[in-house]
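A short write-up of the structure that comes next.
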Amino acid sequence: MRVRAILTSAVAALAAAALACAAASAIAAPDRPDPVADAKAFQNFFTRKFPKVKYEDFVNGPYSMNEDLHRQWEEKEQFPPYEFALEAGKEMFATPFKNGKTYADCFPNKGNGIRQNYPYFDEKEGKVVTLELALNRCREANGEAPYSYVKDEMAALTAYMAFTSRGNKMDIKIPDDPRALEAYENGKRYFYTRRGQLNFSCATCHVQSPGERIRAEILAPALGIMNAMPIYRSEWSSMGTTSRRFMTCNSQTRAVPLEPQSDEYRDVEYFLSYVANGLPISGPGARP
Amino acid sequence: MASTIRVRATANGDTTEVQALIQHPMDSGFVKDAQGQIIPPHFIQQLTFEHNGKAVFLANWGAAVSKDPYVKFSFKGAGKGDDLKISWVDNKGATDTTTAKIQ
């Protein structure tokens with residue numbers, strides 16, 4: 001009898017402990033970053049907001065939001081304005097450095113069709129490495145001066161690398177490393193934080209208002225916005241990199257732009273690319 | 001150096017559709033650079049498309065045309081395999097010419 005009583009109370013104690021555990025984990029769950037759930041929620045938000053837009057079309061930015069603009073763009077794509085940059089990039093990519101090595105030696109698969117894997121989290125450095133950063137590091141490792149992150153050569157090189165990766169699905173990984181998760185969270189925080197005199201966050205325009213006009217422009221959805229980089233903007237009448245895009249976004253909301261390839265920009269690129277996983281690379285793009 | 005002119009000409013029945021993209025700064029002469037110095041005018045003044053020695057499209061351009069201009073037009077009387085000669089002259093006397101096959 002006594003044995004049974006002890007057993008029953010032990011079972012009861014165990015059950016109570018299990019309950020307490022379950023309760024604790026239920027409370028802790030919302031605080032733990034969950035990129036998989038984030039990406040799902042992010043994608044669902046856009047597909048619900050724009051049920052008529054074909055999923056793969058989100059990577060085409062403002063053109064996915066407006067039929068008239070889409071038709072004009074299709075016409076333009078027959079002879080896209082980034083062609084000169086693309087050709088220059090192809091030539092630059094194939095031209096050896098002074099030491100005889102080439103860009104291809106710095107990248108997996110000789111740099112072909114790898115755009116979808118950038119940015120990636122480098123576990124040695126403990127930071128996010130973007131394609132632009134990797135290109136300049138490749139130059140420096142081979143004794144060449146780094147390029148400006150904003151335009152011209154850098155945009156031409158990334159344009160060529162994006163072009164060889166067209167149609168490949170964005171495939172950003174968050175390794176099992178607390179620093180990687182922290183970088184992702186940091187990028188997400190940057191994306192949703194208001195800043196500048198106009199008190200805009202990235203999300204104000206690109207989550208709340210895609211498809212709306214900002215002056216004459218139509219705002220692009222944040223979903224897949226990295227897939228089209230780099231872009232030829234008619235407003236710039238030249239090519240621009242992801243860095244250039246972030247910096248002009250900041251100054252347009254009257255915030256002080258950060259240095260190109262600063263940690264925050266790298267992290268926000270990581271976040272935006274991760275939530276666009278599965279969407280095809282469409283860069284280089286042409287934008288109004 | 002690679003040509004500054006990209007052309008695509010496609011014949012469809014009697015009509016040939018021509019698209020061209022030209023790489024040129026097209027500086028108007030009214031814009032200042034980062035140091036506040038005027039960027040001197042530098043733009044294409046004449047653009048010509050010739051088929052069998054006959055000009056089928058002639059444009060007298062000025063400072064108001066955008067950088068890296070794009071042109072599209074169609075004309076009649078050419079067939080597949082014909083040559084189309086494209087040339088431009090700018091206000092500094094520079095010039096470029098290319099010949100494209102009509103497809």
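By order in the structure tokens, chains are A, B, ...; within a chain, residues start at 1; ligands start at 1, following the order shown.
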
With 9 Å as the cut-off and only C-alpha atoms counted, what is the closest atom pair between each nearby residue of chain A and chain B? Distances in Å to one decimal, ordered by chain and number, as CSV.
```
residue,atom,partner,partner_atom,distance
A:Gln78,CA,B:Gln19,CA,8.9
A:Phe79,CA,B:Leu21,CA,7.3
A:Pro80,CA,B:Leu21,CA,8.7
A:Pro81,CA,B:Asp68,CA,7.8
A:Phe84,CA,B:Gln23,CA,7.6
A:Ser237,CA,B:Lys67,CA,6.8
A:Ser238,CA,B:Lys67,CA,9.0
```

>> Just want the 7 Å neighbourhood of Asn112 (chain A), counted on only C-alpha atoms, with same-chain residues fewer than 2 positions away dropped. Output as a PyMOL selection string.
In response: chain A and resi 109-110+114+161+164-165

>> Need to verify the contact set: Gly13 (chain B), 12 Å, only C-alpha atoms, exclusion of same-chain residues closer than 6 positions in sequence. Can you return it as a PyMOL selection string?
In response: chain B and resi 74-80+103

> If you count only C-alpha atoms, which residues fall within 8 Å of region 64-74 of chain A, apart from same-chain ones fewer than 4 positions away, as a list in words?
Replying inline: Val53, Asp57, Phe58, Val59, Asn60, Gln78, Pro210, Gly211, Ile218 and Ala220 of chain A

Do you know which residues are at most 6 Å from Trp88 (chain B) counting only C-alpha atoms, after dropping those on the same chain fewer than 3 positions away, and could you put them as a PDB file with N, CA and C atoms, in the first residue's frame?
```
ATOM      1  N   GLN B  46      23.932  64.241 -84.501  1.00  0.00           N
ATOM      2  CA  GLN B  46      23.214  63.591 -85.590  1.00  0.00           C
ATOM      3  C   GLN B  46      23.356  62.075 -85.522  1.00  0.00           C
ATOM      4  N   LEU B  47      22.226  61.438 -85.660  1.00  0.00           N
ATOM      5  CA  LEU B  47      22.185  59.979 -85.647  1.00  0.00           C
ATOM      6  C   LEU B  47      21.549  59.519 -86.960  1.00  0.00           C
ATOM      7  N   THR B  95      32.792  60.259 -83.310  1.00  0.00           N
ATOM      8  CA  THR B  95      31.814  59.522 -84.106  1.00  0.00           C
ATOM      9  C   THR B  95      31.970  58.024 -83.889  1.00  0.00           C
ATOM     10  N   ASP B  96      30.924  57.300 -84.163  1.00  0.00           N
ATOM     11  CA  ASP B  96      31.003  55.841 -84.104  1.00  0.00           C
ATOM     12  C   ASP B  96      30.050  55.269 -85.149  1.00  0.00           C
TER      13      ASP B  96
END
```

>> Between CA of Leu84 (chain B) and CA of Asn60 (chain B), what is the distance in Å, rounded to a tenth?
In response: 18.8 Å

Neighbour list for Asp82 (chain B) as a CSV table (one decimal) with C-alpha atoms, in the first residue's frame, cut-off 8 Å, only C-alpha atoms, skip fewer than 5 positions in-chain:
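around.csv written:
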```
chain,number,residue,atom,x,y,z
B,51,HIS,CA,19.8,50.9,-95.6
B,101,LYS,CA,22.3,42.5,-90.2
B,102,ILE,CA,18.6,42.6,-90.4
```

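Among the candidates B:Ala64, B:Thr16, B:Gly53, B:Ala100, the residue lying nearest to Gly29 (chain B) is B:Ala64 (atoms considered: only C-alpha atoms).
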